[in-house]
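For reference, input_35.cif is printed below; it contains mmCIF, C-alpha atoms.
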data_entry
loop_
_atom_site.label_atom_id
_atom_site.label_comp_id
_atom_site.auth_asym_id
_atom_site.auth_seq_id
_atom_site.Cartn_x
_atom_site.Cartn_y
_atom_site.Cartn_z
CA MET A 1 25.85 12.61 9.67
CA SER A 2 24.86 11.57 6.17
CA ASP A 3 24.10 14.03 3.39
CA LYS A 4 21.93 11.47 1.64
CA THR A 5 18.25 12.14 1.02
CA PRO A 6 15.62 9.79 2.46
CA GLN A 7 15.07 8.42 -1.06
CA GLU A 8 18.78 7.67 -1.47
CA LYS A 9 18.87 5.92 1.90
CA LEU A 10 15.82 3.86 0.95
CA LYS A 11 17.38 2.91 -2.39
CA GLU A 12 20.52 1.65 -0.58
CA GLU A 13 18.39 -0.32 1.89
CA GLN A 14 16.38 -1.92 -0.92
CA ALA A 15 19.56 -2.80 -2.85
CA TYR A 16 20.94 -4.50 0.27
CA LYS A 17 17.71 -6.46 0.84
CA ASP A 18 17.58 -7.53 -2.82
CA HIS A 19 21.21 -8.66 -2.61
CA VAL A 20 20.54 -10.73 0.53
CA HIS A 21 17.38 -12.28 -0.93
CA HIS A 22 19.21 -13.30 -4.11
CA THR A 23 22.50 -14.49 -2.61
CA LYS A 24 22.57 -15.87 0.95
CA ILE A 25 19.33 -15.36 2.80
CA ASN A 26 19.65 -14.44 6.49
CA ALA A 27 17.36 -14.51 9.52
CA ALA A 28 16.49 -10.83 9.18
CA ALA A 29 15.41 -11.31 5.58
CA ILE A 30 13.11 -14.17 6.63
CA ALA A 31 11.79 -11.89 9.37
CA ASP A 32 10.48 -9.49 6.70
CA HIS A 33 8.33 -12.40 5.51
CA LEU A 34 7.22 -13.03 9.10
CA LEU A 35 6.22 -9.39 9.45
CA GLY A 36 4.35 -9.62 6.15
CA ASN A 37 2.49 -12.69 7.41
CA ILE A 38 1.67 -10.99 10.69
CA HIS A 39 0.33 -7.98 8.77
CA THR A 40 -1.91 -10.24 6.65
CA LEU A 41 -3.07 -12.04 9.79
CA HIS A 42 -3.95 -8.67 11.31
CA VAL A 43 -6.45 -8.04 8.52
CA LYS A 44 -7.68 -11.63 8.30
CA LEU A 45 -8.26 -11.95 12.06
CA HIS A 46 -10.22 -8.68 12.04
CA GLN A 47 -12.32 -9.95 9.12
CA TYR A 48 -13.13 -13.15 11.00
CA HIS A 49 -13.76 -11.24 14.24
CA TRP A 50 -16.31 -9.04 12.48
CA TYR A 51 -18.03 -11.70 10.35
CA VAL A 52 -18.05 -14.90 12.42
CA LYS A 53 -21.56 -16.30 12.85
CA GLY A 54 -23.23 -19.28 14.44
CA PRO A 55 -23.43 -20.96 17.82
CA HIS A 56 -19.74 -20.25 18.54
CA PHE A 57 -20.05 -16.52 17.80
CA TYR A 58 -19.26 -15.25 21.31
CA THR A 59 -16.37 -17.64 21.85
CA LEU A 60 -14.76 -17.00 18.47
CA HIS A 61 -15.51 -13.28 18.38
CA GLU A 62 -13.50 -12.93 21.61
CA LYS A 63 -10.81 -15.43 20.52
CA PHE A 64 -10.19 -13.67 17.19
CA GLU A 65 -9.85 -10.37 19.06
CA GLU A 66 -7.37 -11.95 21.49
CA LEU A 67 -5.43 -13.38 18.55
CA TYR A 68 -5.19 -10.09 16.67
CA ASP A 69 -4.15 -8.23 19.83
CA ASP A 70 -1.42 -10.81 20.48
CA ASN A 71 -0.47 -10.71 16.80
CA GLU A 72 0.15 -6.97 17.07
CA GLU A 73 2.43 -7.47 20.07
CA TRP A 74 4.56 -9.91 18.07
CA PHE A 75 4.60 -7.55 15.09
CA ASP A 76 6.12 -4.83 17.25
CA ARG A 77 8.40 -7.16 19.22
CA LEU A 78 9.98 -8.73 16.12
CA ALA A 79 10.40 -5.40 14.32
CA GLU A 80 11.99 -3.74 17.37
CA ARG A 81 14.36 -6.70 17.83
CA LEU A 82 15.44 -6.29 14.21
CA LEU A 83 15.96 -2.56 14.64
CA ALA A 84 18.03 -3.18 17.77
CA SER A 85 20.18 -5.53 15.66
CA GLY A 86 20.79 -2.83 13.05
CA TYR A 87 18.39 -4.23 10.44
CA LYS A 88 15.66 -2.12 8.86
CA PRO A 89 12.52 -4.26 8.72
CA ALA A 90 9.73 -3.80 6.21
CA SER A 91 7.55 -0.97 7.49
CA THR A 92 5.00 0.00 4.82
CA THR A 93 1.81 -1.72 3.73
CA GLN A 94 3.25 -2.13 0.23
CA GLU A 95 6.38 -3.89 1.54
CA LEU A 96 4.44 -6.06 3.96
CA ILE A 97 2.04 -7.22 1.26
CA GLU A 98 5.01 -8.00 -0.99
CA TYR A 99 6.71 -10.07 1.73
CA SER A 100 3.63 -11.90 2.99
CA MET A 101 3.43 -15.59 2.18
CA LEU A 102 -0.24 -15.75 3.19
CA SER A 103 -3.31 -15.04 1.12
CA GLU A 104 -6.60 -13.47 1.95
CA ASP A 105 -9.95 -13.40 0.22
CA PRO A 106 -12.89 -11.04 0.72
CA ALA A 107 -15.22 -14.03 0.28
CA ASN A 108 -13.80 -15.59 3.46
CA LYS A 109 -16.19 -13.46 5.51
CA TYR A 110 -18.87 -15.94 4.40
CA LEU A 111 -17.01 -19.03 5.64
CA LYS A 112 -18.43 -21.18 8.40
CA ALA A 113 -16.84 -20.51 11.78
CA GLU A 114 -14.94 -23.82 11.75
CA GLU A 115 -13.52 -23.02 8.29
CA MET A 116 -12.29 -19.67 9.60
CA VAL A 117 -10.50 -21.45 12.45
CA ASP A 118 -9.03 -23.98 10.03
CA ASN A 119 -7.71 -21.17 7.80
CA ILE A 120 -6.05 -19.48 10.77
CA ILE A 121 -4.43 -22.78 11.77
CA ASP A 122 -3.01 -23.11 8.24
CA ASP A 123 -1.68 -19.54 8.37
CA PHE A 124 -0.11 -20.11 11.79
CA ARG A 125 1.52 -23.29 10.49
CA GLU A 126 2.95 -21.54 7.44
CA THR A 127 4.24 -18.73 9.66
CA ARG A 128 5.73 -21.31 12.03
CA GLU A 129 7.63 -22.92 9.13
CA LEU A 130 9.18 -19.54 8.24
CA THR A 131 9.98 -18.98 11.89
CA ILE A 132 11.82 -22.30 12.09
CA ARG A 133 13.91 -21.31 9.05
CA ALA A 134 14.72 -17.99 10.69
CA ILE A 135 15.66 -19.73 13.96
CA HIS A 136 18.17 -21.96 12.17
CA LEU A 137 19.64 -19.00 10.31
CA ALA A 138 19.90 -16.94 13.51
CA GLN A 139 21.77 -19.88 15.10
CA GLU A 140 24.20 -20.01 12.17
CA GLU A 141 24.68 -16.24 12.38
CA GLU A 142 25.18 -16.46 16.16
CA ASN A 143 22.45 -13.86 16.62
CA PHE A 144 21.33 -15.45 19.87
CA THR A 145 19.05 -12.66 21.06
CA PHE A 146 17.05 -12.78 17.84
CA GLU A 147 17.08 -16.58 17.99
CA ASP A 148 15.55 -16.43 21.49
CA THR A 149 12.84 -14.05 20.29
CA LEU A 150 12.05 -16.33 17.35
CA ILE A 151 11.91 -19.41 19.60
CA ALA A 152 9.42 -17.63 21.86
CA PHE A 153 7.35 -16.69 18.80
CA LYS A 154 7.39 -20.31 17.55
CA ASP A 155 6.36 -21.55 20.99
CA ASP A 156 3.45 -19.10 20.96
CA LEU A 157 2.38 -20.28 17.50
CA ASP A 158 2.57 -23.93 18.60
CA THR A 159 0.30 -23.19 21.56
CA LYS A 160 -2.21 -21.33 19.39
CA ILE A 161 -2.26 -24.14 16.82
CA TRP A 162 -2.86 -26.71 19.58
CA MET A 163 -5.72 -24.70 21.10
CA LEU A 164 -7.42 -24.01 17.78
CA GLN A 165 -7.03 -27.67 16.78
CA ALA A 166 -8.68 -28.64 20.09
CA PHE A 167 -11.57 -26.27 19.30
CA LEU A 168 -12.07 -28.27 16.08
CA GLY A 169 -11.94 -31.54 18.03
CA LYS A 170 -8.51 -32.50 16.66
CA GLU A 171 -5.18 -33.44 18.19
CA ALA A 172 -2.46 -30.78 18.19
CA LEU A 173 -0.48 -32.33 15.32
CA GLU A 174 -3.38 -33.82 13.39
CA ASP A 175 -3.22 -32.80 9.71
CA ASP A 176 0.19 -31.21 10.39
CA ASP A 177 3.05 -31.92 7.98
CA TYR A 178 5.64 -30.69 10.49
CA HIS A 179 6.68 -32.45 13.67
CA ASP A 180 9.10 -30.63 15.95
CA GLU A 181 12.27 -32.61 16.49
CA ASP A 182 14.27 -29.85 18.19
#
Do you think you could lay out the structure here as structure tokens?
Amino acid sequence: MSDKTPQEKLKEEQAYKDHVHHTKINAAAIADHLLGNIHTLHVKLHQYHWYVKGPHFYTLHEKFEELYDDNEEWFDRLAERLLASGYKPASTTQELIEYSMLSEDPANKYLKAEEMVDNIIDDFRETRELTIRAIHLAQEEENFTFEDTLIAFKDDLDTKIWMLQAFLGKEALEDDDYHDED
């Protein structure tokens, strides 16, 4: 049992994370960014759920709720997988905001419904790109269980992107810079 205080333990954890981020990044470090993105999506999806207007209100109100519920499941699933691997994922609002690669704007509550959907597609795509990086790193690290979890998460994002693109009358990969070759 350690005689270290919680603050000392946290300082060691932060020093380790800083070292990894500034030397050789690993899948777990990328996962902190994924968790940050998921946290931002939690807030953004709630904003859109509450403020969506127009002829697609009922459809999108329910869809945004489904998306934020599913988002929360992935948040927990990824964090618990990291904990089971011995990594301490970001777990405070401050850390998650720091790690998020997504942005949010209070003015977005006034967007048209289709613009809200388009923003979520962009956020899912950016999160998918991070996920792909983490998958490759998990492969290199031979962390196959985490790799499997990340592949499932990417597959889920791909499906959501396709469905939201279809809602906008677009093909799954239309306007997409990434094309899966794996």
Reference answer for the PyMOL selection byres ((chain A and resi 112) around 8), as a PyMOL selection string: chain A and resi 52-54+110-111+113-116
Protein, DNA and RNA residues within 7 Å of (20.1, -14.0, 14.6), all atoms listed in the file, as a list in words: Ala27, Leu137, Ala138, Gln139, Glu141, Glu142, Asn143, Phe144, Thr145, Phe146 and Glu147 of chain A
Write out the residues from the selection above, keeping C-alpha atoms, as an mmCIF file, keeping the file's coordinate frame.
data_model
loop_
_atom_site.group_PDB
_atom_site.id
_atom_site.type_symbol
_atom_site.label_atom_id
_atom_site.label_comp_id
_atom_site.auth_asym_id
_atom_site.auth_seq_id
_atom_site.Cartn_x
_atom_site.Cartn_y
_atom_site.Cartn_z
ATOM 1 C CA ALA A 27 17.360 -14.510 9.520
ATOM 2 C CA LEU A 137 19.640 -19.000 10.310
ATOM 3 C CA ALA A 138 19.900 -16.940 13.510
ATOM 4 C CA GLN A 139 21.770 -19.880 15.100
ATOM 5 C CA GLU A 141 24.680 -16.240 12.380
ATOM 6 C CA GLU A 142 25.180 -16.460 16.160
ATOM 7 C CA ASN A 143 22.450 -13.860 16.620
ATOM 8 C CA PHE A 144 21.330 -15.450 19.870
ATOM 9 C CA THR A 145 19.050 -12.660 21.060
ATOM 10 C CA PHE A 146 17.050 -12.780 17.840
ATOM 11 C CA GLU A 147 17.080 -16.580 17.990
#
Minimum-distance residue to Leu41 of chain A, chosen among A:Asp158, A:Glu171, A:Asp105, A:Asp3 (using all atoms listed in the file):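 With all atoms listed in the file as the atom set, the closest residue is A:Asp105.
The gap separating atom CA of Lys11 of chain A from atom CA of Ala84 of chain A is 21.1 Å, in Å to one decimal.
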Nearest candidate to Ala166 of chain A (options A:Phe64, A:Leu96, A:Tyr51, A:Val117; using only C-alpha atoms):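 Answer, going by the shortest atom-to-atom distance: A:Val117.
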Given only C-alpha atoms as the counted atoms, nearest of A:Glu98, A:Glu72, A:Glu65, A:Glu80 to Gln47 of chain A: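 Ranked by minimum distance to Gln47 of chain A, first place goes to A:Glu65.
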Spatial neighbours of Met163 of chain A, 10 Å, all atoms listed in the file, chain gap at least 6 places, as an MDAnalysis selection string: chainID A and resid 121 157 169:172
Given all atoms listed in the file as the counted atoms, nearest of A:Ala15, A:Thr5, A:Lys44, A:Ile25 to Asn108 of chain A: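 Ranking A:Ala15, A:Thr5, A:Lys44, A:Ile25 by distance to Asn108 of chain A, first place goes to A:Lys44.
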Interatomic distance (Å, one decimal) between atom CA of Ala79 of chain A and atom CA of Glu8 of chain A: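 Atom-to-atom, atom CA of Ala79 of chain A to atom CA of Glu8 of chain A, that is 22.1 Å.
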Residue with smallest distance to His33 of chain A - pool A:Asp175, A:Met101, A:Leu164, A:Glu140, counting only C-alpha atoms: A:Met101
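If you measure from each of A:Lys9, A:Lys160, A:His61, A:Lys4 to Ile120 of chain A using all atoms listed in the file, the closest one turns out to be A:Lys160.
We find atom CA of Gly36 of chain A and atom CA of Tyr99 of chain A to be spaced 5.0 Å apart.
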Reference answer for the PyMOL selection byres ((chain A and resi 126) around 12), as a PyMOL selection string: chain A and resi 33-34+37-38+41+100-103+119-125+127-133+154+157-158+161+176-178
As lines of an AutoDock Vina configuration file, please report the centre and edge lengths, rounded to one decimal in Å, of the axis-aligned box that holds all listed atoms of segment 30-39 of chain A with 6 Å of padding on each of the six sides.
center_x = 6.7
center_y = -11.1
center_z = 8.1
size_x = 24.8
size_y = 18.2
size_z = 17.2
Selection: 8 Å around Ala28 of chain A, all atoms listed in the file, excl. self and same-chain fewer than 3 positions, as a ChimeraX atom specification: /A:31-32,82,87,89,134
